[in-house]
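Data file: final.pdb. Format and content: PDB, C-alpha atoms.
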MODEL        1
ATOM      1  CA  MET H   1    -179.318  36.203 -81.161  1.00  0.00           C
ATOM      2  CA  ASN H   2    -179.655  32.714 -82.682  1.00  0.00           C
ATOM      3  CA  GLU H   3    -182.671  32.503 -84.987  1.00  0.00           C
ATOM      4  CA  ARG H   4    -184.070  29.098 -85.781  1.00  0.00           C
ATOM      5  CA  GLY H   5    -185.997  28.124 -88.839  1.00  0.00           C
ATOM      6  CA  PRO H   6    -189.489  26.624 -88.669  1.00  0.00           C
ATOM      7  CA  ALA H   7    -189.512  23.417 -86.625  1.00  0.00           C
ATOM      8  CA  PHE H   8    -191.616  20.317 -87.174  1.00  0.00           C
ATOM      9  CA  GLN H   9    -195.250  21.417 -87.138  1.00  0.00           C
ATOM     10  CA  GLU H  10    -196.465  18.182 -85.632  1.00  0.00           C
ATOM     11  CA  LEU H  11    -194.681  14.851 -85.420  1.00  0.00           C
ATOM     12  CA  PRO H  12    -196.659  11.795 -86.504  1.00  0.00           C
ATOM     13  CA  PRO H  13    -197.343   9.295 -83.700  1.00  0.00           C
ATOM     14  CA  ASP H  14    -194.679   6.851 -84.900  1.00  0.00           C
ATOM     15  CA  MET H  15    -192.007   9.603 -84.672  1.00  0.00           C
ATOM     16  CA  ALA H  16    -193.129  11.332 -81.478  1.00  0.00           C
ATOM     17  CA  GLY H  17    -190.796   9.322 -79.259  1.00  0.00           C
ATOM     18  CA  GLN H  18    -187.636   9.962 -81.242  1.00  0.00           C
ATOM     19  CA  ASP H  19    -184.558  11.251 -79.446  1.00  0.00           C
ATOM     20  CA  GLU H  20    -182.528  14.115 -80.902  1.00  0.00           C
ATOM     21  CA  PHE H  21    -180.262  11.859 -82.956  1.00  0.00           C
ATOM     22  CA  ALA H  22    -183.228  10.026 -84.505  1.00  0.00           C
ATOM     23  CA  ARG H  23    -184.873  13.391 -85.250  1.00  0.00           C
ATOM     24  CA  ALA H  24    -181.691  14.561 -86.954  1.00  0.00           C
ATOM     25  CA  VAL H  25    -181.588  11.401 -89.055  1.00  0.00           C
ATOM     26  CA  SER H  26    -185.237  11.914 -90.054  1.00  0.00           C
ATOM     27  CA  LEU H  27    -184.584  15.539 -90.975  1.00  0.00           C
ATOM     28  CA  VAL H  28    -181.623  14.678 -93.169  1.00  0.00           C
ATOM     29  CA  GLU H  29    -183.552  11.803 -94.741  1.00  0.00           C
ATOM     30  CA  ALA H  30    -186.348  14.239 -95.633  1.00  0.00           C
ATOM     31  CA  LEU H  31    -183.836  16.733 -97.026  1.00  0.00           C
ATOM     32  CA  LEU H  32    -182.263  14.079 -99.244  1.00  0.00           C
ATOM     33  CA  PHE H  33    -185.633  13.056-100.665  1.00  0.00           C
ATOM     34  CA  ALA H  34    -186.757  16.649-101.218  1.00  0.00           C
ATOM     35  CA  SER H  35    -183.577  17.729-103.006  1.00  0.00           C
ATOM     36  CA  ALA H  36    -183.222  17.396-106.769  1.00  0.00           C
ATOM     37  CA  GLY H  37    -179.440  16.951-106.601  1.00  0.00           C
ATOM     38  CA  PRO H  38    -176.735  15.836-104.178  1.00  0.00           C
ATOM     39  CA  VAL H  39    -176.968  17.442-100.734  1.00  0.00           C
ATOM     40  CA  THR H  40    -173.792  19.018 -99.371  1.00  0.00           C
ATOM     41  CA  ALA H  41    -172.465  18.743 -95.838  1.00  0.00           C
ATOM     42  CA  SER H  42    -172.948  22.485 -95.332  1.00  0.00           C
ATOM     43  CA  SER H  43    -176.646  22.170 -96.210  1.00  0.00           C
ATOM     44  CA  ILE H  44    -177.054  19.339 -93.707  1.00  0.00           C
ATOM     45  CA  VAL H  45    -175.248  21.231 -90.970  1.00  0.00           C
ATOM     46  CA  GLY H  46    -177.279  24.371 -91.668  1.00  0.00           C
ATOM     47  CA  LEU H  47    -180.570  22.487 -91.448  1.00  0.00           C
ATOM     48  CA  LEU H  48    -179.664  20.779 -88.180  1.00  0.00           C
ATOM     49  CA  ARG H  49    -178.528  24.030 -86.592  1.00  0.00           C
ATOM     50  CA  GLU H  50    -181.764  25.747 -87.665  1.00  0.00           C
ATOM     51  CA  GLN H  51    -183.659  23.030 -85.830  1.00  0.00           C
ATOM     52  CA  GLY H  52    -181.593  23.422 -82.671  1.00  0.00           C
ATOM     53  CA  LEU H  53    -179.783  20.095 -83.083  1.00  0.00           C
ATOM     54  CA  GLU H  54    -176.338  21.503 -82.355  1.00  0.00           C
ATOM     55  CA  ALA H  55    -174.701  18.260 -81.205  1.00  0.00           C
ATOM     56  CA  GLN H  56    -175.823  16.474 -84.348  1.00  0.00           C
ATOM     57  CA  ALA H  57    -174.771  19.434 -86.533  1.00  0.00           C
ATOM     58  CA  ASP H  58    -171.256  18.976 -85.164  1.00  0.00           C
ATOM     59  CA  SER H  59    -171.241  15.341 -86.367  1.00  0.00           C
ATOM     60  CA  PRO H  60    -172.982  15.253 -89.765  1.00  0.00           C
ATOM     61  CA  GLY H  61    -171.100  12.106 -90.713  1.00  0.00           C
ATOM     62  CA  ALA H  62    -172.716  10.192 -87.866  1.00  0.00           C
ATOM     63  CA  VAL H  63    -176.150  11.434 -88.939  1.00  0.00           C
ATOM     64  CA  LEU H  64    -175.497  10.334 -92.528  1.00  0.00           C
ATOM     65  CA  ASP H  65    -174.416   6.932 -91.233  1.00  0.00           C
ATOM     66  CA  GLY H  66    -177.748   6.774 -89.423  1.00  0.00           C
ATOM     67  CA  VAL H  67    -179.599   7.495 -92.647  1.00  0.00           C
ATOM     68  CA  ALA H  68    -177.575   4.840 -94.481  1.00  0.00           C
ATOM     69  CA  GLN H  69    -178.397   2.294 -91.772  1.00  0.00           C
ATOM     70  CA  ARG H  70    -182.120   2.859 -92.300  1.00  0.00           C
ATOM     71  CA  TYR H  71    -181.742   1.806 -95.924  1.00  0.00           C
ATOM     72  CA  ARG H  72    -179.574  -1.249 -95.385  1.00  0.00           C
ATOM     73  CA  GLY H  73    -181.200  -4.077 -97.305  1.00  0.00           C
ATOM     74  CA  HIS H  74    -183.402  -1.702 -99.337  1.00  0.00           C
ATOM     75  CA  ALA H  75    -183.471  -1.200-103.102  1.00  0.00           C
ATOM     76  CA  VAL H  76    -182.105   2.330-102.679  1.00  0.00           C
ATOM     77  CA  GLU H  77    -178.928   3.370-100.921  1.00  0.00           C
ATOM     78  CA  LEU H  78    -177.164   6.553 -99.853  1.00  0.00           C
ATOM     79  CA  GLN H  79    -174.220   7.392-102.111  1.00  0.00           C
ATOM     80  CA  ALA H  80    -171.543  10.090-102.094  1.00  0.00           C
ATOM     81  CA  ILE H  81    -172.022  11.929-105.393  1.00  0.00           C
ATOM     82  CA  SER H  82    -170.318  15.072-106.718  1.00  0.00           C
ATOM     83  CA  GLY H  83    -169.322  16.496-103.347  1.00  0.00           C
ATOM     84  CA  GLY H  84    -172.615  15.634-101.628  1.00  0.00           C
ATOM     85  CA  TRP H  85    -174.985  12.778-100.849  1.00  0.00           C
ATOM     86  CA  GLN H  86    -177.957  11.414-102.745  1.00  0.00           C
ATOM     87  CA  PHE H  87    -180.283   8.411-102.701  1.00  0.00           C
ATOM     88  CA  ARG H  88    -179.769   6.145-105.709  1.00  0.00           C
ATOM     89  CA  THR H  89    -181.152   2.815-106.845  1.00  0.00           C
ATOM     90  CA  ARG H  90    -178.737  -0.035-106.185  1.00  0.00           C
ATOM     91  CA  ALA H  91    -176.830  -1.066-109.299  1.00  0.00           C
ATOM     92  CA  MET H  92    -178.085  -4.647-109.066  1.00  0.00           C
ATOM     93  CA  PHE H  93    -181.578  -3.459-110.062  1.00  0.00           C
ATOM     94  CA  GLY H  94    -180.358  -1.598-113.171  1.00  0.00           C
ATOM     95  CA  PRO H  95    -180.949  -4.402-115.698  1.00  0.00           C
ATOM     96  CA  ALA H  96    -184.519  -4.967-114.470  1.00  0.00           C
ATOM     97  CA  LEU H  97    -185.372  -1.268-114.757  1.00  0.00           C
ATOM     98  CA  ALA H  98    -183.605  -0.554-118.043  1.00  0.00           C
ATOM     99  CA  ARG H  99    -186.647  -1.243-120.209  1.00  0.00           C
ATOM    100  CA  VAL H 100    -189.160   0.745-118.186  1.00  0.00           C
ATOM    101  CA  ILE H 101    -187.111   3.790-117.101  1.00  0.00           C
ATOM    102  CA  GLU H 102    -186.186   6.422-119.665  1.00  0.00           C
ATOM    103  CA  ARG H 103    -182.426   6.547-119.949  1.00  0.00           C
ATOM    104  CA  PRO H 104    -180.454   9.805-120.231  1.00  0.00           C
ATOM    105  CA  ARG H 105    -179.288  10.788-123.679  1.00  0.00           C
ATOM    106  CA  ARG H 106    -176.690   8.264-124.819  1.00  0.00           C
ATOM    107  CA  LEU H 107    -173.389   9.798-125.822  1.00  0.00           C
ATOM    108  CA  SER H 108    -171.681   8.657-129.011  1.00  0.00           C
ATOM    109  CA  GLN H 109    -168.394   6.792-128.906  1.00  0.00           C
ATOM    110  CA  GLY H 110    -166.482   9.821-130.158  1.00  0.00           C
ATOM    111  CA  THR H 111    -168.104  12.058-127.560  1.00  0.00           C
ATOM    112  CA  LEU H 112    -167.258   9.616-124.770  1.00  0.00           C
ATOM    113  CA  GLU H 113    -163.669   9.390-126.004  1.00  0.00           C
ATOM    114  CA  ALA H 114    -163.295  13.181-125.912  1.00  0.00           C
ATOM    115  CA  LEU H 115    -164.945  13.363-122.487  1.00  0.00           C
ATOM    116  CA  ALA H 116    -162.682  10.653-121.093  1.00  0.00           C
ATOM    117  CA  ILE H 117    -159.607  12.510-122.346  1.00  0.00           C
ATOM    118  CA  VAL H 118    -160.787  15.722-120.690  1.00  0.00           C
ATOM    119  CA  ALA H 119    -161.491  13.838-117.461  1.00  0.00           C
ATOM    120  CA  TYR H 120    -157.993  12.357-117.265  1.00  0.00           C
ATOM    121  CA  HIS H 121    -155.942  15.204-118.743  1.00  0.00           C
ATOM    122  CA  GLN H 122    -157.772  18.319-117.554  1.00  0.00           C
ATOM    123  CA  PRO H 123    -157.323  21.123-117.964  1.00  0.00           C
ATOM    124  CA  CYS H 124    -156.542  20.522-121.613  1.00  0.00           C
ATOM    125  CA  THR H 125    -156.997  22.314-124.911  1.00  0.00           C
ATOM    126  CA  ARG H 126    -158.883  21.233-128.012  1.00  0.00           C
ATOM    127  CA  VAL H 127    -155.604  20.568-129.833  1.00  0.00           C
ATOM    128  CA  GLU H 128    -154.413  18.365-126.967  1.00  0.00           C
ATOM    129  CA  ILE H 129    -157.660  16.361-127.104  1.00  0.00           C
ATOM    130  CA  GLU H 130    -157.209  15.915-130.862  1.00  0.00           C
ATOM    131  CA  THR H 131    -153.578  14.859-130.413  1.00  0.00           C
ATOM    132  CA  ILE H 132    -154.478  12.170-127.886  1.00  0.00           C
ATOM    133  CA  ARG H 133    -157.452  10.876-129.910  1.00  0.00           C
ATOM    134  CA  GLY H 134    -155.536  10.984-133.162  1.00  0.00           C
ATOM    135  CA  VAL H 135    -158.495  12.519-134.994  1.00  0.00           C
ATOM    136  CA  ARG H 136    -160.032  15.948-135.355  1.00  0.00           C
ATOM    137  CA  LEU H 137    -162.476  17.001-132.628  1.00  0.00           C
ATOM    138  CA  GLY H 138    -165.718  17.829-134.397  1.00  0.00           C
ATOM    139  CA  GLN H 139    -167.628  20.908-133.288  1.00  0.00           C
ATOM    140  CA  SER H 140    -170.721  18.742-132.778  1.00  0.00           C
ATOM    141  CA  ILE H 141    -168.887  16.715-130.118  1.00  0.00           C
ATOM    142  CA  LEU H 142    -167.792  19.844-128.285  1.00  0.00           C
ATOM    143  CA  ASP H 143    -171.306  21.289-128.549  1.00  0.00           C
ATOM    144  CA  THR H 144    -172.829  18.099-127.126  1.00  0.00           C
ATOM    145  CA  LEU H 145    -170.497  18.095-124.127  1.00  0.00           C
ATOM    146  CA  LEU H 146    -171.301  21.737-123.458  1.00  0.00           C
ATOM    147  CA  GLU H 147    -175.066  21.258-123.897  1.00  0.00           C
ATOM    148  CA  GLU H 148    -175.031  18.333-121.472  1.00  0.00           C
ATOM    149  CA  GLY H 149    -173.087  20.417-118.958  1.00  0.00           C
ATOM    150  CA  LEU H 150    -170.258  17.872-118.799  1.00  0.00           C
ATOM    151  CA  ILE H 151    -167.355  20.204-119.595  1.00  0.00           C
ATOM    152  CA  THR H 152    -166.686  23.876-118.973  1.00  0.00           C
ATOM    153  CA  PRO H 153    -163.917  26.388-119.747  1.00  0.00           C
ATOM    154  CA  LYS H 154    -161.174  26.446-117.114  1.00  0.00           C
ATOM    155  CA  GLY H 155    -159.289  29.490-118.305  1.00  0.00           C
ATOM    156  CA  ARG H 156    -156.785  29.829-121.137  1.00  0.00           C
ATOM    157  CA  LYS H 157    -153.391  28.266-121.694  1.00  0.00           C
ATOM    158  CA  GLU H 158    -150.543  30.775-121.695  1.00  0.00           C
ATOM    159  CA  VAL H 159    -149.207  29.923-125.143  1.00  0.00           C
ATOM    160  CA  PRO H 160    -149.550  31.772-128.460  1.00  0.00           C
ATOM    161  CA  GLY H 161    -153.229  32.112-129.284  1.00  0.00           C
ATOM    162  CA  ARG H 162    -154.197  31.435-125.639  1.00  0.00           C
ATOM    163  CA  PRO H 163    -156.503  28.476-126.414  1.00  0.00           C
ATOM    164  CA  VAL H 164    -159.350  27.612-124.048  1.00  0.00           C
ATOM    165  CA  LEU H 165    -158.626  24.986-121.382  1.00  0.00           C
ATOM    166  CA  TRP H 166    -161.413  22.480-120.777  1.00  0.00           C
ATOM    167  CA  GLY H 167    -162.321  20.559-117.636  1.00  0.00           C
ATOM    168  CA  THR H 168    -165.199  18.494-116.309  1.00  0.00           C
ATOM    169  CA  THR H 169    -168.087  19.782-114.192  1.00  0.00           C
ATOM    170  CA  PRO H 170    -170.047  18.639-111.106  1.00  0.00           C
ATOM    171  CA  GLN H 171    -172.671  17.381-113.576  1.00  0.00           C
ATOM    172  CA  PHE H 172    -170.047  14.995-114.971  1.00  0.00           C
ATOM    173  CA  LEU H 173    -169.511  13.535-111.499  1.00  0.00           C
ATOM    174  CA  LYS H 174    -173.245  13.280-110.915  1.00  0.00           C
ATOM    175  CA  LEU H 175    -173.987  11.608-114.253  1.00  0.00           C
ATOM    176  CA  PHE H 176    -171.303   8.968-113.826  1.00  0.00           C
ATOM    177  CA  GLY H 177    -171.944   8.391-110.116  1.00  0.00           C
ATOM    178  CA  LEU H 178    -168.588   9.671-108.865  1.00  0.00           C
ATOM    179  CA  ALA H 179    -167.925  11.399-105.564  1.00  0.00           C
ATOM    180  CA  SER H 180    -164.838  13.089-107.022  1.00  0.00           C
ATOM    181  CA  LEU H 181    -162.356  12.764-109.883  1.00  0.00           C
ATOM    182  CA  ALA H 182    -160.251  10.588-107.579  1.00  0.00           C
ATOM    183  CA  ASP H 183    -162.873   7.857-108.081  1.00  0.00           C
ATOM    184  CA  LEU H 184    -162.049   7.535-111.798  1.00  0.00           C
ATOM    185  CA  PRO H 185    -160.273   4.265-112.657  1.00  0.00           C
ATOM    186  CA  ARG H 186    -156.511   4.707-112.744  1.00  0.00           C
ATOM    187  CA  ARG H 187    -155.242   5.395-116.246  1.00  0.00           C
ATOM    188  CA  GLU H 188    -152.773   2.509-116.084  1.00  0.00           C
ATOM    189  CA  GLU H 189    -155.721   0.142-115.585  1.00  0.00           C
ATOM    190  CA  LEU H 190    -157.188   1.143-118.939  1.00  0.00           C
ATOM    191  CA  LEU H 191    -156.219   0.106-122.441  1.00  0.00           C
ATOM    192  CA  PHE H 192    -155.287   2.994-124.696  1.00  0.00           C
ATOM    193  CA  GLU H 193    -155.462   2.232-128.380  1.00  0.00           C
ATOM    194  CA  PRO H 194    -155.411   4.533-131.437  1.00  0.00           C
ATOM    195  CA  SER H 195    -158.917   5.516-132.486  1.00  0.00           C
ATOM    196  CA  SER H 196    -158.194   6.387-136.134  1.00  0.00           C
ATOM    197  CA  ASP H 197    -159.681   3.073-137.235  1.00  0.00           C
ATOM    198  CA  GLY H 198    -162.848   3.707-135.235  1.00  0.00           C
ATOM    199  CA  ALA H 199    -161.986   1.121-132.590  1.00  0.00           C
ATOM    200  CA  GLY H 200    -161.961   3.699-129.795  1.00  0.00           C
ATOM    201  CA  THR H 201    -159.548   4.261-126.925  1.00  0.00           C
ATOM    202  CA  GLY H 202    -160.984   1.731-124.512  1.00  0.00           C
ATOM    203  CA  LEU H 203    -162.050   4.531-122.192  1.00  0.00           C
ATOM    204  CA  GLU H 204    -165.615   4.748-123.433  1.00  0.00           C
ATOM    205  CA  ASP H 205    -166.303   1.244-122.086  1.00  0.00           C
ATOM    206  CA  THR H 206    -165.163   2.319-118.640  1.00  0.00           C
ATOM    207  CA  ILE H 207    -166.860   5.708-118.429  1.00  0.00           C
ATOM    208  CA  GLN H 208    -170.574   5.151-118.915  1.00  0.00           C
ATOM    209  CA  PRO H 209    -173.491   6.866-117.142  1.00  0.00           C
ATOM    210  CA  SER H 210    -174.576   4.997-114.007  1.00  0.00           C
TER
ENDMDL
END
Render the structure in this file as structure tokens.
Amino acid sequence: MNERGPAFQELPPDMAGQDEFARAVSLVEALLFASAGPVTASSIVGLLREQGLEAQADSPGAVLDGVAQRYRGHAVELQAISGGWQFRTRAMFGPALARVIERPRRLSQGTLEALAIVAYHQPCTRVEIETIRGVRLGQSILDTLLEEGLITPKGRKEVPGRPVLWGTTPQFLKLFGLASLADLPRREELLFEPSSDGAGTGLEDTIQPS
């Protein structure tokens, strides 16, 4: 027996004439606004099936396109983020909002360098990060990346001592506005320079929170 979740209690007058596709778009739009993080395809499909919108549940991409169409020309847009979808302010409005919106904690140059190395070389060990950077990886940098939820252990390398392997997290994708690691700039497009003189690797200018 197919059990459905609670349906709309009462549609407002301006939505009463919606067909099933428009209802599905409205449902997904509401879900996106109500969710604190990116909404996955499985969550969208589950919601639509609970509401008896089987045809739309079979084509979640079309429903998402419908949501995106509603916001064409608006200050916010639907973006693919960290394996899901989320409303975000268009980048063009960033400079105007920078002084009035509290920014996330800004990462130091050294922390960004270490994070960029993990992103491009994961899974990698602490020694490998230090070798690429050319300087010792301070515990404070590692602690910051862990506290911010940007890296996580990915097992241990099968070498003497079995050092921890580090990789990035879904929070990393979310913070930098990436749908997946495939959206990172190609390494050959970036300038790698020794960081022993404090000049950095060039990566920290590319990987910045959106």
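Here atom CA of H:Gln51 and atom CA of H:Thr89 stand 29.3 Å from one another.
Omitting H:Ala24 and its sequence neighbours fewer than 2 positions away, and counting only C-alpha atoms, the residues within 8 Å are Glu20, Phe21, Ala22, Ser26, Leu27, Val28, Leu48, Leu53, Gln56 and Val63 of chain H.
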Calculate, to one decimal in Å, the centre and edge lengths of the box along x, y and z of the file that holds all listed atoms of stretch 156-162 of chain H with 4 Å of margin on each side, and present them as lines of an AutoDock Vina configuration file.
center_x = -153.0
center_y = 30.2
center_z = -125.2
size_x = 15.6
size_y = 11.8
size_z = 16.1
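Of note, atom CA of H:Arg99 and atom CA of H:Ala75 are spaced 17.4 Å apart.
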(message) On this structure, the PyMOL selection byres ((chain H and resi 41) around 12) would catch which residues? List them as a ChimeraX atom specification, sorted by chain and number.
(response) /H:28,31-32,38-40,42-48,57-64,80-86
(message) Need the shell around H:Ala91: protein/DNA/RNA residues with any atom at most 12 Å away, counting all atoms listed in the file. Skip same-chain ones fewer than 3 positions apart. Format as a list of chain:residue names?
(response) H:His74, H:Ala75, H:Val76, H:Glu77, H:Gln79, H:Arg88, H:Gly94, H:Pro95, H:Ala96, H:Leu97, H:Ala98, H:Gly177, H:Pro209, H:Ser210
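Reported to one decimal place, the separation of atom CA of H:Trp166 from atom CA of H:Pro153 is 4.8 Å.
Ranking H:Gly149, H:Gly161, H:Pro170, H:Gly73 by their shortest atom-to-atom distance to H:Val127, with all atoms listed in the file included, puts H:Gly161 first.
Selection check: the PyMOL selection byres ((chain H and resi 169) around 7) on the shown file gives Gly149, Leu150, Ile151, Thr152, Gly167, Thr168, Pro170, Gln171, Phe172 and Leu173 of chain H.
Shortest separation to H:Arg106 among H:Asp19, H:Glu158, H:Glu148, H:Asp183 occurs at residue H:Glu148, atoms counted being all atoms listed in the file.
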